[in-house]
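**Student:** As input, take entry17.cif (mmCIF, C-alpha atoms; chains and numbers go by the auth columns):
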data_query
#
loop_
_atom_site.group_PDB
_atom_site.id
_atom_site.type_symbol
_atom_site.label_atom_id
_atom_site.label_comp_id
_atom_site.label_asym_id
_atom_site.label_seq_id
_atom_site.Cartn_x
_atom_site.Cartn_y
_atom_site.Cartn_z
_atom_site.B_iso_or_equiv
_atom_site.auth_seq_id
_atom_site.auth_asym_id
ATOM 1 C CA MET A 1 0.000 0.000 0.000 0.00 1476 A
ATOM 2 C CA ALA A 2 1.500 3.334 -1.045 0.00 1477 A
ATOM 3 C CA THR A 3 1.613 6.172 1.420 0.00 1478 A
ATOM 4 C CA LYS A 4 0.172 9.465 0.289 0.00 1479 A
ATOM 5 C CA PHE A 5 2.019 12.653 1.093 0.00 1480 A
ATOM 6 C CA THR A 6 0.047 15.797 0.439 0.00 1481 A
ATOM 7 C CA TYR A 7 2.045 18.859 -0.509 0.00 1482 A
ATOM 8 C CA ASP A 8 1.308 21.937 -2.588 0.00 1483 A
ATOM 9 C CA GLU A 9 3.994 23.094 -5.021 0.00 1484 A
ATOM 10 C CA VAL A 10 2.444 26.574 -5.054 0.00 1485 A
ATOM 11 C CA LEU A 11 3.376 26.943 -1.376 0.00 1486 A
ATOM 12 C CA PHE A 12 7.079 26.204 -1.916 0.00 1487 A
ATOM 13 C CA LYS A 13 9.408 28.965 -0.855 0.00 1488 A
ATOM 14 C CA PRO A 14 12.399 29.657 -3.105 0.00 1489 A
ATOM 15 C CA LEU A 15 14.934 26.809 -2.984 0.00 1490 A
ATOM 16 C CA GLN A 16 12.694 24.452 -0.976 0.00 1491 A
ATOM 17 C CA ARG A 17 12.413 21.965 -3.832 0.00 1492 A
ATOM 18 C CA GLU A 18 16.191 21.827 -4.177 0.00 1493 A
ATOM 19 C CA ALA A 19 16.616 21.619 -0.395 0.00 1494 A
ATOM 20 C CA ALA A 20 14.176 18.708 -0.154 0.00 1495 A
ATOM 21 C CA ILE A 21 16.054 16.808 -2.870 0.00 1496 A
ATOM 22 C CA ALA A 22 19.368 17.502 -1.135 0.00 1497 A
ATOM 23 C CA MET A 23 17.966 16.323 2.208 0.00 1498 A
ATOM 24 C CA VAL A 24 16.684 13.062 0.721 0.00 1499 A
ATOM 25 C CA GLU A 25 20.133 12.520 -0.786 0.00 1500 A
ATOM 26 C CA TYR A 26 21.558 13.253 2.672 0.00 1501 A
ATOM 27 C CA ASP A 27 19.223 10.686 4.270 0.00 1502 A
ATOM 28 C CA PHE A 28 20.143 7.902 1.843 0.00 1503 A
ATOM 29 C CA THR A 29 23.884 8.548 1.578 0.00 1504 A
ATOM 30 C CA PRO A 30 26.211 6.650 3.919 0.00 1505 A
ATOM 31 C CA LYS A 31 27.379 8.876 6.771 0.00 1506 A
ATOM 32 C CA LYS A 32 31.041 8.866 5.730 0.00 1507 A
ATOM 33 C CA GLU A 33 30.172 10.013 2.199 0.00 1508 A
ATOM 34 C CA ARG A 34 27.433 12.606 2.680 0.00 1509 A
ATOM 35 C CA ARG A 35 27.660 16.362 2.807 0.00 1510 A
ATOM 36 C CA THR A 36 26.839 18.014 6.120 0.00 1511 A
ATOM 37 C CA LYS A 37 23.660 20.018 6.494 0.00 1512 A
ATOM 38 C CA GLN A 38 25.813 23.140 6.818 0.00 1513 A
ATOM 39 C CA VAL A 39 27.447 22.412 3.441 0.00 1514 A
ATOM 40 C CA ILE A 40 24.018 21.759 1.899 0.00 1515 A
ATOM 41 C CA SER A 41 22.763 25.079 3.296 0.00 1516 A
ATOM 42 C CA ASP A 42 25.833 26.933 2.023 0.00 1517 A
ATOM 43 C CA ASP A 43 25.514 25.338 -1.426 0.00 1518 A
ATOM 44 C CA LEU A 44 21.867 26.429 -1.620 0.00 1519 A
ATOM 45 C CA GLY A 45 22.627 29.923 -0.328 0.00 1520 A
ATOM 46 C CA ILE A 46 20.402 29.647 2.754 0.00 1521 A
ATOM 47 C CA THR A 47 21.221 29.620 6.432 0.00 1522 A
ATOM 48 C CA ARG A 48 21.502 26.402 8.398 0.00 1523 A
ATOM 49 C CA LYS A 49 18.687 27.700 10.634 0.00 1524 A
ATOM 50 C CA THR A 50 16.396 28.142 7.605 0.00 1525 A
ATOM 51 C CA LEU A 51 17.013 24.550 6.554 0.00 1526 A
ATOM 52 C CA HIS A 52 16.404 23.374 10.118 0.00 1527 A
ATOM 53 C CA ASN A 53 13.117 25.297 10.304 0.00 1528 A
ATOM 54 C CA TRP A 54 11.942 23.816 7.006 0.00 1529 A
ATOM 55 C CA GLU A 55 12.844 20.309 8.230 0.00 1530 A
ATOM 56 C CA ARG A 56 11.062 20.678 11.560 0.00 1531 A
ATOM 57 C CA LYS A 57 8.282 23.237 11.148 0.00 1532 A
ATOM 58 C CA ASP A 58 7.188 23.479 7.499 0.00 1533 A
ATOM 59 C CA ALA A 59 4.540 20.794 6.948 0.00 1534 A
ATOM 60 C CA ASN A 60 4.527 21.338 3.175 0.00 1535 A
ATOM 61 C CA PHE A 61 8.326 20.912 2.967 0.00 1536 A
ATOM 62 C CA ILE A 62 8.186 17.824 5.198 0.00 1537 A
ATOM 63 C CA ALA A 63 5.434 16.251 3.084 0.00 1538 A
ATOM 64 C CA TYR A 64 7.392 16.886 -0.124 0.00 1539 A
ATOM 65 C CA ARG A 65 10.582 15.477 1.364 0.00 1540 A
ATOM 66 C CA ASN A 66 8.680 12.374 2.534 0.00 1541 A
ATOM 67 C CA TYR A 67 7.165 12.017 -0.934 0.00 1542 A
ATOM 68 C CA LEU A 68 10.624 12.122 -2.514 0.00 1543 A
ATOM 69 C CA ALA A 69 11.958 9.552 -0.024 0.00 1544 A
ATOM 70 C CA SER A 70 8.988 7.299 -0.737 0.00 1545 A
ATOM 71 C CA GLU A 71 9.589 7.521 -4.483 0.00 1546 A
ATOM 72 C CA TYR A 72 13.246 6.691 -3.956 0.00 1547 A
ATOM 73 C CA MET A 73 12.273 3.606 -1.927 0.00 1548 A
ATOM 74 C CA ASN A 74 9.738 2.558 -4.570 0.00 1549 A
ATOM 75 C CA SER A 75 12.487 2.663 -7.166 0.00 1550 A
ATOM 76 C CA HIS A 76 14.219 -0.146 -5.226 0.00 1551 A
ATOM 77 C CA LEU A 77 11.177 -2.393 -4.954 0.00 1552 A
ATOM 78 C CA ALA A 78 12.396 -4.847 -7.608 0.00 1553 A
ATOM 79 C CA PHE A 79 15.625 -5.330 -5.641 0.00 1554 A
ATOM 80 C CA VAL A 80 13.653 -5.993 -2.442 0.00 1555 A
ATOM 81 C CA TYR A 81 11.462 -8.554 -4.193 0.00 1556 A
ATOM 82 C CA GLN A 82 14.554 -10.233 -5.641 0.00 1557 A
ATOM 83 C CA LYS A 83 16.011 -10.599 -2.122 0.00 1558 A
ATOM 84 C CA LEU A 84 12.675 -11.866 -0.786 0.00 1559 A
ATOM 85 C CA LEU A 85 12.507 -14.557 -3.461 0.00 1560 A
ATOM 86 C CA GLY A 86 16.120 -15.486 -2.737 0.00 1561 A
ATOM 87 C CA SER A 87 15.319 -15.952 0.950 0.00 1562 A
ATOM 88 C CA ILE A 88 12.342 -18.137 0.036 0.00 1563 A
ATOM 89 C CA GLU A 89 14.534 -20.258 -2.233 0.00 1564 A
ATOM 90 C CA ASN A 90 16.887 -20.713 0.735 0.00 1565 A
ATOM 91 C CA GLY A 91 13.981 -22.012 2.845 0.00 1566 A
ATOM 92 C CA SER A 92 13.384 -18.941 5.002 0.00 1567 A
ATOM 93 C CA VAL A 93 10.068 -19.368 6.813 0.00 1568 A
ATOM 94 C CA ARG A 94 9.979 -15.635 7.503 0.00 1569 A
ATOM 95 C CA GLY A 95 10.465 -14.965 3.788 0.00 1570 A
ATOM 96 C CA ILE A 96 7.612 -17.325 2.933 0.00 1571 A
ATOM 97 C CA GLU A 97 5.385 -15.670 5.546 0.00 1572 A
ATOM 98 C CA THR A 98 6.231 -12.213 4.200 0.00 1573 A
ATOM 99 C CA TYR A 99 5.465 -13.315 0.644 0.00 1574 A
ATOM 100 C CA LEU A 100 2.127 -14.861 1.652 0.00 1575 A
ATOM 101 C CA LYS A 101 1.164 -11.701 3.521 0.00 1576 A
ATOM 102 C CA ARG A 102 2.184 -9.621 0.494 0.00 1577 A
ATOM 103 C CA ILE A 103 -0.098 -11.554 -1.851 0.00 1578 A
ATOM 104 C CA GLY A 104 -2.930 -11.641 0.696 0.00 1579 A
ATOM 105 C CA ASP A 105 -2.902 -15.377 1.384 0.00 1580 A
ATOM 106 C CA LEU A 106 -1.910 -14.984 5.033 0.00 1581 A
ATOM 107 C CA ASP A 107 -3.437 -12.729 7.630 0.00 1582 A
ATOM 108 C CA THR A 108 -4.315 -12.810 11.315 0.00 1583 A
ATOM 109 C CA ASN A 109 -7.457 -14.816 10.534 0.00 1584 A
ATOM 110 C CA SER A 110 -5.606 -17.585 8.711 0.00 1585 A
ATOM 111 C CA GLU A 111 -5.927 -21.094 10.085 0.00 1586 A
ATOM 112 C CA VAL A 112 -2.803 -22.827 11.269 0.00 1587 A
ATOM 113 C CA THR A 113 -2.404 -26.484 10.307 0.00 1588 A
ATOM 114 C CA VAL A 114 0.099 -28.709 12.076 0.00 1589 A
ATOM 115 C CA HIS A 115 1.489 -31.699 10.191 0.00 1590 A
ATOM 116 C CA THR A 116 2.174 -34.641 12.504 0.00 1591 A
ATOM 117 C CA LYS A 117 2.951 -38.185 11.468 0.00 1592 A
ATOM 118 C CA GLY A 118 1.367 -37.879 8.053 0.00 1593 A
ATOM 119 C CA THR A 119 -1.900 -36.365 9.350 0.00 1594 A
ATOM 120 C CA GLU A 120 -3.179 -32.828 9.250 0.00 1595 A
ATOM 121 C CA GLN A 121 -4.670 -31.269 12.346 0.00 1596 A
ATOM 122 C CA SER A 122 -6.117 -27.817 12.704 0.00 1597 A
ATOM 123 C CA PHE A 123 -4.848 -25.635 15.497 0.00 1598 A
ATOM 124 C CA ASP A 124 -8.026 -26.260 17.511 0.00 1599 A
ATOM 125 C CA GLU A 125 -7.691 -30.047 17.104 0.00 1600 A
ATOM 126 C CA ARG A 126 -4.059 -29.949 18.165 0.00 1601 A
ATOM 127 C CA LYS A 127 -4.914 -27.709 21.118 0.00 1602 A
ATOM 128 C CA GLN A 128 -7.654 -30.110 22.240 0.00 1603 A
ATOM 129 C CA GLU A 129 -5.273 -33.057 21.979 0.00 1604 A
ATOM 130 C CA LEU A 130 -2.691 -31.266 24.091 0.00 1605 A
ATOM 131 C CA LEU A 131 -5.294 -30.311 26.709 0.00 1606 A
ATOM 132 C CA GLU A 132 -6.422 -33.945 26.946 0.00 1607 A
ATOM 133 C CA ARG A 133 -2.824 -35.056 27.404 0.00 1608 A
ATOM 134 C CA LEU A 134 -2.345 -32.442 30.131 0.00 1609 A
ATOM 135 C CA GLY A 135 -5.550 -33.647 31.802 0.00 1610 A
ATOM 136 C CA LYS A 136 -4.199 -37.188 31.883 0.00 1611 A
ATOM 137 C CA LEU A 137 -0.987 -35.904 33.450 0.00 1612 A
ATOM 138 C CA ASP A 138 -2.983 -34.075 36.139 0.00 1613 A
ATOM 139 C CA GLU A 139 -5.012 -37.242 36.847 0.00 1614 A
ATOM 140 C CA GLY A 140 -1.769 -39.180 37.259 0.00 1615 A
ATOM 141 C CA ASP A 141 -0.568 -36.636 39.815 0.00 1616 A
ATOM 142 C CA ASP A 142 -3.837 -36.997 41.769 0.00 1617 A
ATOM 143 C CA ASP A 143 -3.454 -40.810 41.812 0.00 1618 A
ATOM 144 C CA ASP A 144 0.077 -40.500 43.153 0.00 1619 A
ATOM 145 C CA ASN A 145 -1.090 -38.147 45.912 0.00 1620 A
ATOM 146 C CA THR A 146 -3.960 -40.396 47.035 0.00 1621 A
ATOM 147 C CA LYS A 147 -1.835 -43.535 47.075 0.00 1622 A
ATOM 148 C CA GLY A 148 0.879 -41.983 49.160 0.00 1623 A
ATOM 149 C CA GLY A 149 -1.234 -40.153 51.674 0.00 1624 A
#
Mind turning this structure into structure tokens?

**Tutor:**
Amino acid sequence: MATKFTYDEVLFKPLQREAAIAMVEYDFTPKKERRTKQVISDDLGITRKTLHNWERKDANFIAYRNYLASEYMNSHLAFVYQKLLGSIENGSVRGIETYLKRIGDLDTNSEVTVHTKGTEQSFDERKQELLERLGKLDEGDDDDNTKGG
């Protein structure tokens, strides 16, 4: 599901578009390789305080920056799916679960089936069997107590 970020280009102050692009680049560049926010501000010809205020207080700037970051992430979706399929091929249960959730075949209402000795039992059947076994254990404890006392 794509996230919607609502921004209005008409409300952009001069250099905000460029600043938002530079800040998304900053966010996705490894720390050792990225420009500082001061350098970004200097390159744009604005003060560091102006950039800070846009980042923290300007809802339109924040929404546009988030939109750009989202688009950047979407551009890497094929890579993510490739890695997911690779994890499934390697037998990753978490990868399989993620894939099934992605295609809508697994949700919180899905029924769990346990395979035991060639038979299939639903979660409720397995639970009932375990409760019966626990009941038999409790009965055995009661017998031991009555015999000894």

**Student:** Interatomic distance between atom CA of Leu1552 of chain A and atom CA of Val1568 of chain A?

**Tutor:** 20.7 Å

**Student:** Given the file above and the PyMOL selection byres ((chain A and resi 1542) around 12), which residues are selected, and can you give them as a count of residues only?

**Tutor:** 25

**Student:** Can you work out the spacing between atom CA of Gln1513 of chain A and atom CA of Pro1489 of chain A in Å, to one decimal?

**Tutor:**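 Value for the atom CA of Gln1513 of chain A-atom CA of Pro1489 of chain A distance: 17.9 Å.
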
**Student:** Counting all atoms listed in the file, which residue out of A:Lys1576, A:Glu1500, A:Ala1494, A:Arg1531 sits closest to Asp1517 of chain A?

**Tutor:** A:Ala1494

**Student:** What gap, in Å, lies between atom CA of Leu1490 of chain A and atom CA of Leu1519 of chain A?

**Tutor:**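 Answer for the atom CA of Leu1490 of chain A to atom CA of Leu1519 of chain A separation: 7.1 Å.
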
**Student:** So that I can see what lies close to Ile1563 of chain A, please list as a list in words the residues with an atom at most 10 Å from it, counting only C-alpha atoms and leaving out residues fewer than 5 positions away in the same chain.

**Tutor:**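 What passes the distance filter is Gln1557, Lys1558, Val1568, Arg1569, Gly1570, Ile1571, Glu1572, Thr1573 and Tyr1574 of chain A.
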
**Student:** Find the axis-aligned box for segment 1554-1566 of chain A, covering all its listed atoms and adding 8 Å on each side, and write its centre and edge lengths in Å to one decimal as AutoDock Vina command-line options.

**Tutor:**
--center_x 14.2 --center_y -13.7 --center_z -1.4 --size_x 21.4 --size_y 32.7 --size_z 24.5
